[in-house]
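Undergrad: Quick one: the structure is below, questions incoming.
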Amino acid sequence: MPEKGKIDTKQAIMLSICLILPTAMLSVPAVIIRHARQDAWISLILSIFIGLLVARLIVSLSFRFPDKTLFQYSEEILGRVPGKIVGLLYLWWVLHSNAIAIDEFASLPCVALMPDTPFVAFFIIAIVVAGYAVRNGLEVLSRYIELITPIGLGLMVSLFCLLTTKVKFERLLPVFDKGLVSIVKGAAMPSGWMGEIVLFSMFIPYLNKPREACRVAVLSILIIGIFMVSVTVGILLVFGPDVSSSWIFPVFMAIRAISIANFLERVESVVIGIWVFMGFAKIGVLYYAAVLGSAQWLGLKDYRPLVAPVGIVLLGLAFLCPNIIDLLDFLARAFPPYALIVFELGIPLILLGASLIRGRRGESS
Amino acid sequence: MVGLGKAIKRLLRRGVKDGQSDNPIKKFRGTILSSSSVDVPLSSDLETNLQRLKSIFDKCSDVVFREFVFAQNEQVKLALIYIDGMVDKVQVSDQIMRALALEVAMATGGQKITKAHALEFIRERGLCINQISETGKTQDVIHAILSGDTVLLVDGHTTAIINGVRGWEARAITESQAESTVRGPRESFVETLRVNTSLIRRKIKSPALKIETLRLGEVTDTDVAIAYVESIANEKVVAEVKTRLKKIRVDGILESGYIEELIEDNPWSFFPTVNATERPDRVAGMLLEGRVAILVDGTPFVMTVPSLFVEYLQSPEDYYERFLFVSAVRLIRLLSLVLSLVLPGLYIAIVSFHHELLPTALLLSVAAQREGVPYPVLVEMLVMEVLFEVLREAGLRLPRPLGQAISIVGALVIGEAAVRAGLVAAATVIVVALTGIGSFVLSYRVSIAFRLLRFVLILLSAALGLMGLTSGMAVIMIHLCTLRSFGIPYLSPMIPLTTTDLKDVVVRAPWWAMFTRPRLIAGRRQTRLEPGLKPASPEARPKVEG
């Protein structure tokens, strides 16, 4: 096994949260609101169910192969060559998702803080910092996440509490205005996002209590879901659907609107801090999954030599997307079928089906 | 390029080979004492022994050889060997020389003692010394002499008597210089190992307090003691400390800092993973939490391991003052920790990149101050920070009476005059001063780390603004997550989270709620106090029947 460290249940929950939430926090609400308008929160609740489905799927796969990650059991189930092909596909997907995360990570400071700085500076920073954590292993990465997540989420929640002066509940009305179709459309992107929990299967073998994997996956999806729903509802209550869907980062703009007693103003810098710290966490988790996955795919004993090469590949992939508008367009249109149907539901379902038919089980048989 | 690589490889390989061919340690040991003269047992002939010792202590003018005869039998020759200045001279002349050369005769009424029984008689009745031991090895004799003991050789016997009459000029126990408190014991450690162990023993009067000693340093032969409370300390940590100490092979140990750098988990880190203190009460508190103390002869600084990050936010006084106040003070310390690390970077980032983050009135005032300043804010900040460090260092190194002058020069010339001359903005001076004061609040050892890292953050913020500042902080956080001290994660009990241990991190729980010891540090015995000790007035107390 390339990784010797173990993580506990608490760390695993925060790790799964950081797998999804950090970059989703700011940009996803806008996309949902564009489709579902004031019913965005219903879309999000729908997506929670999709997330739970994916979580259940990969946990049951992992329970059949307790000590193996996605890359290892796909070979076991499908045989060597098809397994390697599936592994390669996942490798691409992890790298691509990470490149998307890096793009998003870079876009907020670029849009909000330093418009003249080239993207590549932020790419390099993100990859170097996350790579430093990845090189130090899973334990260090999860400790960093354990340090950052409660602070980040706590600050976010308290900032939203400061917005209560501007709330108008009428902005959520009328419910079901645009009908079920647009709600489902709005649910597509966050579902693709929630489905990234599929990568949690890379970490299940390293839980110190593997039996709690299911609890971890479900709890983290629920926490992410509740957080996203409250953020989205918060934006809607403050700005209403028209204004908030026109922004790229509606959460950031909402926080920017905080002004209490002419003193508590300009707190959006705190959001940037949270964004950067948690962005490193998300990029780190995906980076780690990519590095560990490629080490397992290549059959290496140690994943550390791969940190630098994978980082360079990530840097290249991050250039795929020219700007944030295109990125959001891609995420809204192409990402759901690409990620959700193929990698988050399709392949895991095939793997589970095949393993059921072939009757191969891990230790439990 | 390929040729260069090969050349480097060849060089490296040669280095390895050279290292193998003559082991530097072996060679080095041979130069100290040729083992042939040391590894022999004592001879029964006094002359031979003296000859050998004299040749070993050749040209050591401070070693005294005093030969005399035993009062009971003039055929029994005796010799005392000691180092002038390291023994209690009164004891040596009164209790050893006088006793053996004169008074024994009176006590036994002139009865003759045969040469064969001389040693036994001297040991049982002749010496008026409370602490003696015997040895037959030349090695031990040499070590005893060098440690300040007085060795008595008796003609016709292969055993030497070592008299514990050490006595040298030592510094008195004074108030702690490095860690001062308002409330709490005033004493601090001194340079003598035995005094230091007694200071700890006086606080922990239990046979469970074990003090094991070993000697380190090929030339200095320094006594090092490992202290721990047997039933509380984690045996794994104790064993690890012992193995790490036993591995040490150096010529000399002059301060505990030598050992610290040789036993650390992360030698390249800025952060200390071994704590050092000169307060016995602090060491006793650490021992009771299950830590291991390492005492080194010749220094008042005692090391304790495992040492966690939170220790540097704590002060011994925290446990003597009222807990609510202490918890508030700890919050202040946390704040100053963050300030001392982040403030200069944040200032640079805001002034040079993110003006919009300041309220307009403040922004205008800062901009007005910076109007006439000739340099960019980075240069200004770096110059001021370096100047501050220079002043601080000068204040430390100068003789104490001159320290006042430094503070006047620092405050007036640098602060006031530089601003008036328009060389720096007043805001920069305020930031530098705040940062400096903030770092003084912290424990000195960890503030050094933050002082250095501050410069890194200044450069990063100047390059990339808030983004650089936050990424620098993220790297520091990740680095802190990688650290361990004797196997215990450095950031515990926060990361990984141990909820029960949070009672002594940012807040200090009152003593009646300190039920357990730190879980990761203490071994088996976790319970610290009986539940139900919370004081209450007699009316509120539940009635006890009968």
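For the structure tokens, the naming scheme is as follows: chains receive sequential letters (A, B, ...) according to their order of presentation, residues are indexed from 1 within each chain, and ligands are indexed from 1 in presentation order.
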Give me the residues within 10 Å of B:Phe309 as a short mmCIF file (atom, residue, chain, number, x, y, z; two decimals) with all heavy atoms, in the first residue's frame, counting only C-alpha atoms and dropping any in the same chain fewer than 6 places off.
TA:
```cif
data_model
loop_
_atom_site.label_atom_id
_atom_site.label_comp_id
_atom_site.auth_asym_id
_atom_site.auth_seq_id
_atom_site.Cartn_x
_atom_site.Cartn_y
_atom_site.Cartn_z
N PHE B 271 9.95 25.66 14.36
CA PHE B 271 9.23 25.57 15.62
C PHE B 271 9.91 24.62 16.58
O PHE B 271 10.38 23.55 16.17
CB PHE B 271 7.79 25.12 15.37
CG PHE B 271 6.98 26.14 14.64
CD1 PHE B 271 6.91 26.11 13.27
CD2 PHE B 271 6.36 27.15 15.32
CE1 PHE B 271 6.19 27.07 12.58
CE2 PHE B 271 5.64 28.11 14.65
CZ PHE B 271 5.55 28.07 13.28
N PRO B 272 9.97 24.99 17.86
CA PRO B 272 10.61 24.12 18.84
C PRO B 272 9.72 22.92 19.15
O PRO B 272 8.54 23.09 19.41
CB PRO B 272 10.77 25.01 20.06
CG PRO B 272 9.70 26.03 19.93
CD PRO B 272 9.46 26.23 18.47
N THR B 273 10.27 21.72 19.10
CA THR B 273 9.49 20.55 19.51
C THR B 273 10.03 19.98 20.82
O THR B 273 9.68 18.88 21.21
CB THR B 273 9.49 19.46 18.42
OG1 THR B 273 10.82 19.29 17.97
CG2 THR B 273 8.61 19.83 17.27
N ASN B 275 10.61 21.62 24.72
CA ASN B 275 10.45 22.83 25.50
C ASN B 275 11.60 22.96 26.49
O ASN B 275 12.18 21.98 26.91
CB ASN B 275 9.11 22.77 26.25
CG ASN B 275 8.60 24.15 26.59
OD1 ASN B 275 9.34 25.14 26.46
ND2 ASN B 275 7.37 24.23 27.02
N VAL B 446 8.92 30.27 20.97
CA VAL B 446 8.09 30.19 19.77
C VAL B 446 8.03 31.55 19.06
O VAL B 446 7.82 31.62 17.86
CB VAL B 446 6.69 29.64 20.10
CG1 VAL B 446 5.78 30.71 20.60
CG2 VAL B 446 6.09 28.94 18.91
N LEU B 480 2.91 22.98 10.33
CA LEU B 480 2.62 22.68 11.74
C LEU B 480 1.92 21.31 11.86
O LEU B 480 2.11 20.61 12.84
CB LEU B 480 1.73 23.76 12.34
CG LEU B 480 2.45 25.05 12.74
CD1 LEU B 480 1.44 26.11 13.12
CD2 LEU B 480 3.38 24.79 13.90
N LEU B 483 4.40 18.40 11.95
CA LEU B 483 5.34 18.26 13.07
C LEU B 483 4.83 17.26 14.10
O LEU B 483 3.64 17.12 14.32
CB LEU B 483 5.54 19.61 13.76
CG LEU B 483 6.23 20.69 12.96
CD1 LEU B 483 6.40 21.92 13.80
CD2 LEU B 483 7.57 20.20 12.49
N ARG B 484 5.78 16.58 14.71
CA ARG B 484 5.48 15.72 15.84
C ARG B 484 6.57 15.93 16.87
O ARG B 484 7.70 16.25 16.53
CB ARG B 484 5.50 14.24 15.42
CG ARG B 484 4.25 13.80 14.74
CD ARG B 484 4.44 12.42 14.15
NE ARG B 484 3.23 11.98 13.50
CZ ARG B 484 2.27 11.31 14.14
NH1 ARG B 484 2.42 10.98 15.40
NH2 ARG B 484 1.19 10.95 13.50
N SER B 485 6.20 15.77 18.12
CA SER B 485 7.21 15.80 19.16
C SER B 485 7.17 14.46 19.88
O SER B 485 6.17 14.13 20.50
CB SER B 485 6.92 16.93 20.14
OG SER B 485 7.84 16.88 21.19
N PRO B 489 1.41 14.39 17.79
CA PRO B 489 1.20 15.49 16.84
C PRO B 489 1.31 16.84 17.54
O PRO B 489 0.76 17.04 18.61
CB PRO B 489 -0.22 15.24 16.34
CG PRO B 489 -0.45 13.79 16.55
CD PRO B 489 0.34 13.41 17.75
N TYR B 490 2.03 17.75 16.88
CA TYR B 490 2.40 19.03 17.50
C TYR B 490 1.17 19.87 17.83
O TYR B 490 1.17 20.60 18.81
CB TYR B 490 3.31 19.78 16.54
CG TYR B 490 4.09 20.92 17.13
CD1 TYR B 490 4.80 20.77 18.29
CD2 TYR B 490 4.14 22.15 16.48
CE1 TYR B 490 5.54 21.80 18.82
CE2 TYR B 490 4.88 23.19 16.99
CZ TYR B 490 5.58 23.01 18.15
OH TYR B 490 6.31 24.03 18.67
N LEU B 491 0.15 19.80 16.99
CA LEU B 491 -1.00 20.66 17.20
C LEU B 491 -2.05 20.02 18.10
O LEU B 491 -3.08 20.62 18.35
CB LEU B 491 -1.64 21.04 15.87
CG LEU B 491 -0.88 22.07 15.05
CD1 LEU B 491 -1.63 22.39 13.79
CD2 LEU B 491 -0.67 23.34 15.84
N SER B 492 -1.82 18.79 18.55
CA SER B 492 -2.80 18.20 19.45
C SER B 492 -2.80 19.04 20.73
O SER B 492 -1.77 19.62 21.08
CB SER B 492 -2.45 16.74 19.74
OG SER B 492 -1.29 16.66 20.53
N PRO B 493 -3.89 19.15 21.46
CA PRO B 493 -5.15 18.43 21.27
C PRO B 493 -6.13 19.07 20.28
O PRO B 493 -7.22 18.57 20.15
CB PRO B 493 -5.74 18.45 22.68
CG PRO B 493 -5.22 19.69 23.28
CD PRO B 493 -3.87 19.92 22.69
N MET B 494 -5.71 20.16 19.59
CA MET B 494 -6.65 20.71 18.61
C MET B 494 -6.75 19.82 17.38
O MET B 494 -7.84 19.50 16.93
CB MET B 494 -6.21 22.12 18.17
CG MET B 494 -6.37 23.19 19.22
SD MET B 494 -4.84 23.38 20.12
CE MET B 494 -3.82 24.23 18.96
N VAL B 505 -6.46 24.63 26.69
CA VAL B 505 -5.86 25.20 25.48
C VAL B 505 -6.11 26.70 25.43
O VAL B 505 -5.28 27.48 25.86
CB VAL B 505 -6.37 24.49 24.21
CG1 VAL B 505 -5.72 25.08 22.99
CG2 VAL B 505 -6.07 23.01 24.28
#
```
Undergrad: Which residues of chain A are close to chain B, meaning at most 8 Å apart when you count only C-alpha atoms, and how do they look as a PyMOL selection string?
TA: chain A and resi 109+113-114+125+129+132-133+136+140-141+143-144+146-147+265-267+269+273+276-277+280
Undergrad: List every residue of stretch 86-300 of chain A that DSSP, applied to the backbone, labels as alpha helix (DSSP H), and write the result as a PyMOL selection string.
TA: chain A and resi 86-108+119-135+138-161+179-194+213-245+250-256+268-298
Undergrad: I'd like the contact shell of stretch 48-64 of chain A - 7 Å cut-off, only C-alpha atoms, skipping same-chain residues fewer than 3 positions apart - returned as number ranges by chain.
TA: A: 44-45, 191, 194-195, 197-198, 201, 213-214, 217-218, 221-222, 225, 344-345, 348, 352, 361-362
Undergrad: Quote the spacing between atom CA of A:Asn98 and atom CA of A:Ala121 in Å to one decimal place.
TA: 16.5 Å
Undergrad: Give me the residues near B:Thr516 as a ChimeraX atom specification, where near means some atom within 10 Å (using only C-alpha atoms) and where sequence neighbours in that chain fewer than 6 positions away do not count.
TA: /B:289,500-501,503,522,525-530
Undergrad: Applying 10 Å and only C-alpha atoms, which residues near B:Thr114 remain after dropping the ones on its own chain fewer than 5 positions away? List them as a PyMOL selection string.
TA: chain B and resi 72-73+75-76+119+121
Undergrad: Could you give me, as a list in words, the residues within 8 Å of A:Ile224, counting only C-alpha atoms and dropping anything in the same chain fewer than 2 positions from it?
TA: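 Here the qualifying residues turn out to be Ile17, Ile20, Leu21, Ser220, Ile221, Leu222, Ile226, Phe227 and Met228 of chain A.
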Undergrad: Using N, CA, C and O atoms, can you write the selected residues to a file as a PDB file, in the first residue's frame?
TA:
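Produced file out04.pdb, reproduced below:
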```pdb
ATOM      1  N   ILE A  17     -16.172  16.696   3.096  1.00  0.00           N
ATOM      2  CA  ILE A  17     -16.761  18.020   2.909  1.00  0.00           C
ATOM      3  C   ILE A  17     -15.857  18.858   2.007  1.00  0.00           C
ATOM      4  O   ILE A  17     -16.308  19.512   1.070  1.00  0.00           O
ATOM      5  N   ILE A  20     -15.889  18.523  -1.783  1.00  0.00           N
ATOM      6  CA  ILE A  20     -16.973  19.084  -2.577  1.00  0.00           C
ATOM      7  C   ILE A  20     -17.195  20.566  -2.303  1.00  0.00           C
ATOM      8  O   ILE A  20     -17.234  21.394  -3.206  1.00  0.00           O
ATOM      9  N   LEU A  21     -17.314  20.885  -1.029  1.00  0.00           N
ATOM     10  CA  LEU A  21     -17.872  22.189  -0.675  1.00  0.00           C
ATOM     11  C   LEU A  21     -17.047  23.415  -1.087  1.00  0.00           C
ATOM     12  O   LEU A  21     -17.613  24.370  -1.613  1.00  0.00           O
ATOM     13  N   SER A 220     -21.473  13.608   5.545  1.00  0.00           N
ATOM     14  CA  SER A 220     -20.831  14.729   4.865  1.00  0.00           C
ATOM     15  C   SER A 220     -21.729  15.263   3.760  1.00  0.00           C
ATOM     16  O   SER A 220     -21.800  16.482   3.573  1.00  0.00           O
ATOM     17  N   ILE A 221     -22.436  14.374   3.048  1.00  0.00           N
ATOM     18  CA  ILE A 221     -23.370  14.861   2.024  1.00  0.00           C
ATOM     19  C   ILE A 221     -24.443  15.736   2.675  1.00  0.00           C
ATOM     20  O   ILE A 221     -24.796  16.819   2.177  1.00  0.00           O
ATOM     21  N   LEU A 222     -24.939  15.274   3.835  1.00  0.00           N
ATOM     22  CA  LEU A 222     -25.984  16.053   4.496  1.00  0.00           C
ATOM     23  C   LEU A 222     -25.456  17.417   4.936  1.00  0.00           C
ATOM     24  O   LEU A 222     -26.126  18.435   4.769  1.00  0.00           O
ATOM     25  N   ILE A 226     -26.982  20.807   3.589  1.00  0.00           N
ATOM     26  CA  ILE A 226     -27.607  21.803   4.457  1.00  0.00           C
ATOM     27  C   ILE A 226     -26.893  23.140   4.306  1.00  0.00           C
ATOM     28  O   ILE A 226     -27.520  24.205   4.208  1.00  0.00           O
ATOM     29  N   PHE A 227     -25.577  23.072   4.231  1.00  0.00           N
ATOM     30  CA  PHE A 227     -24.807  24.305   4.099  1.00  0.00           C
ATOM     31  C   PHE A 227     -25.166  25.024   2.798  1.00  0.00           C
ATOM     32  O   PHE A 227     -25.435  26.225   2.777  1.00  0.00           O
ATOM     33  N   MET A 228     -25.196  24.245   1.702  1.00  0.00           N
ATOM     34  CA  MET A 228     -25.488  24.852   0.401  1.00  0.00           C
ATOM     35  C   MET A 228     -26.902  25.416   0.380  1.00  0.00           C
ATOM     36  O   MET A 228     -27.150  26.507  -0.150  1.00  0.00           O
TER      37      MET A 228
END
```
Undergrad: Using only C-alpha atoms, which of B:Glu385, B:Asp318, B:Glu47, B:Glu371 sits nearest B:Gly156?
TA: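 Ranked by minimum distance to B:Gly156, first place goes to B:Glu47.
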Undergrad: Could you pull out the residues in stretch 221-423 of chain B that DSSP calls strand (DSSP E) from the backbone, as a PyMOL selection string?
TA: chain B and resi 222-229+275-277+292-296+302-305
Undergrad: Hey, can you spit out that residue selection with N, CA, C and O atoms as a short mmCIF file (atom, residue, chain, number, x, y, z; two decimals), in the first residue's frame?
TA:
```cif
data_model
loop_
_atom_site.label_atom_id
_atom_site.label_comp_id
_atom_site.auth_asym_id
_atom_site.auth_seq_id
_atom_site.Cartn_x
_atom_site.Cartn_y
_atom_site.Cartn_z
N THR B 222 29.35 14.97 30.66
CA THR B 222 28.33 15.72 31.38
C THR B 222 27.26 14.79 31.93
O THR B 222 26.81 13.87 31.24
N ASP B 223 26.85 15.04 33.15
CA ASP B 223 25.75 14.27 33.72
C ASP B 223 24.44 14.77 33.14
O ASP B 223 24.18 15.97 33.11
N VAL B 224 23.62 13.82 32.71
CA VAL B 224 22.30 14.16 32.18
C VAL B 224 21.30 13.30 32.93
O VAL B 224 21.54 12.11 33.14
N ALA B 225 20.22 13.90 33.38
CA ALA B 225 19.23 13.13 34.13
C ALA B 225 17.90 13.15 33.38
O ALA B 225 17.53 14.16 32.79
N ILE B 226 17.24 12.00 33.38
CA ILE B 226 15.90 11.91 32.81
C ILE B 226 14.93 11.75 33.97
O ILE B 226 15.06 10.81 34.74
N ALA B 227 14.01 12.67 34.10
CA ALA B 227 13.06 12.59 35.20
C ALA B 227 11.66 12.37 34.66
O ALA B 227 11.28 12.95 33.64
N TYR B 228 10.91 11.50 35.31
CA TYR B 228 9.52 11.26 34.92
C TYR B 228 8.80 10.63 36.09
O TYR B 228 9.43 10.08 36.99
N VAL B 229 7.50 10.74 36.07
CA VAL B 229 6.71 10.09 37.12
C VAL B 229 6.25 8.76 36.56
O VAL B 229 5.53 8.71 35.57
N ASN B 275 10.61 21.62 24.72
CA ASN B 275 10.45 22.83 25.50
C ASN B 275 11.60 22.96 26.49
O ASN B 275 12.18 21.98 26.91
N ALA B 276 11.95 24.18 26.86
CA ALA B 276 12.98 24.38 27.87
C ALA B 276 12.49 25.46 28.83
O ALA B 276 11.93 26.46 28.41
N THR B 277 12.70 25.22 30.09
CA THR B 277 12.24 26.17 31.09
C THR B 277 13.23 26.21 32.23
O THR B 277 13.99 25.27 32.42
N VAL B 292 8.24 14.04 30.13
CA VAL B 292 9.54 13.60 30.60
C VAL B 292 10.45 14.81 30.60
O VAL B 292 10.46 15.59 29.66
N ALA B 293 11.21 14.97 31.69
CA ALA B 293 12.13 16.11 31.77
C ALA B 293 13.56 15.61 31.58
O ALA B 293 13.90 14.52 32.02
N ILE B 294 14.35 16.42 30.90
CA ILE B 294 15.76 16.08 30.71
C ILE B 294 16.58 17.21 31.34
O ILE B 294 16.50 18.35 30.91
N LEU B 295 17.32 16.86 32.39
CA LEU B 295 18.13 17.85 33.09
C LEU B 295 19.58 17.65 32.68
O LEU B 295 20.06 16.52 32.59
N VAL B 296 20.26 18.74 32.44
CA VAL B 296 21.65 18.67 32.03
C VAL B 296 22.48 19.44 33.04
O VAL B 296 22.13 20.56 33.41
N VAL B 302 15.94 23.32 31.83
CA VAL B 302 15.53 21.92 31.82
C VAL B 302 14.59 21.72 30.66
O VAL B 302 13.68 22.52 30.43
N MET B 303 14.82 20.64 29.89
CA MET B 303 13.97 20.39 28.73
C MET B 303 12.83 19.47 29.12
O MET B 303 13.01 18.58 29.96
N THR B 304 11.68 19.68 28.51
CA THR B 304 10.58 18.75 28.71
C THR B 304 10.06 18.30 27.35
O THR B 304 9.95 19.10 26.43
N VAL B 305 9.75 17.02 27.26
CA VAL B 305 9.18 16.44 26.03
C VAL B 305 8.04 15.52 26.45
O VAL B 305 8.05 15.03 27.56
#
```
Undergrad: Find, counting only C-alpha atoms, the residue in A:Lys68, A:Lys178, A:Arg304, A:Lys84 that gets nearest to A:Met202.
TA: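 Of all the options, A:Lys68 lies closest to A:Met202.
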Undergrad: Determine, counting only C-alpha atoms, which protein, DNA and RNA residues have an atom within 8 Å of an atom of A:Thr149; residues of the same chain fewer than 6 positions away are not included. Present the result as a list in words.
TA: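 So, after excluding close chain neighbours, the residues are Met14, Cys18 and Met278 of chain A.
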Undergrad: Once you have the residues from the selection above, write them out as a JSON list (two decimals), in the first residue's frame, restricted to N, CA, C and O atoms.
TA:
```json
[["chain", "number", "residue", "atom", "x", "y", "z"],
["A", 14, "MET", "N", -14.69, 15.67, 7.44],
["A", 14, "MET", "CA", -14.23, 16.98, 6.97],
["A", 14, "MET", "C", -13.54, 16.86, 5.62],
["A", 14, "MET", "O", -13.66, 17.74, 4.77],
["A", 18, "CYS", "N", -14.54, 18.79, 2.29],
["A", 18, "CYS", "CA", -13.60, 19.58, 1.49],
["A", 18, "CYS", "C", -13.46, 19.05, 0.08],
["A", 18, "CYS", "O", -12.97, 19.74, -0.80],
["A", 278, "MET", "N", -9.70, 27.07, 2.14],
["A", 278, "MET", "CA", -10.47, 25.88, 1.85],
["A", 278, "MET", "C", -10.23, 25.41, 0.42],
["A", 278, "MET", "O", -10.31, 24.22, 0.12]]
```
Undergrad: Of the candidates A:Ile7, A:Leu46, A:Ala101, A:Leu70, which shows the shortest atom-to-atom distance to A:Ala281, using only C-alpha atoms?
TA: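 For A:Ala281, the nearest of the given residues is A:Ala101.
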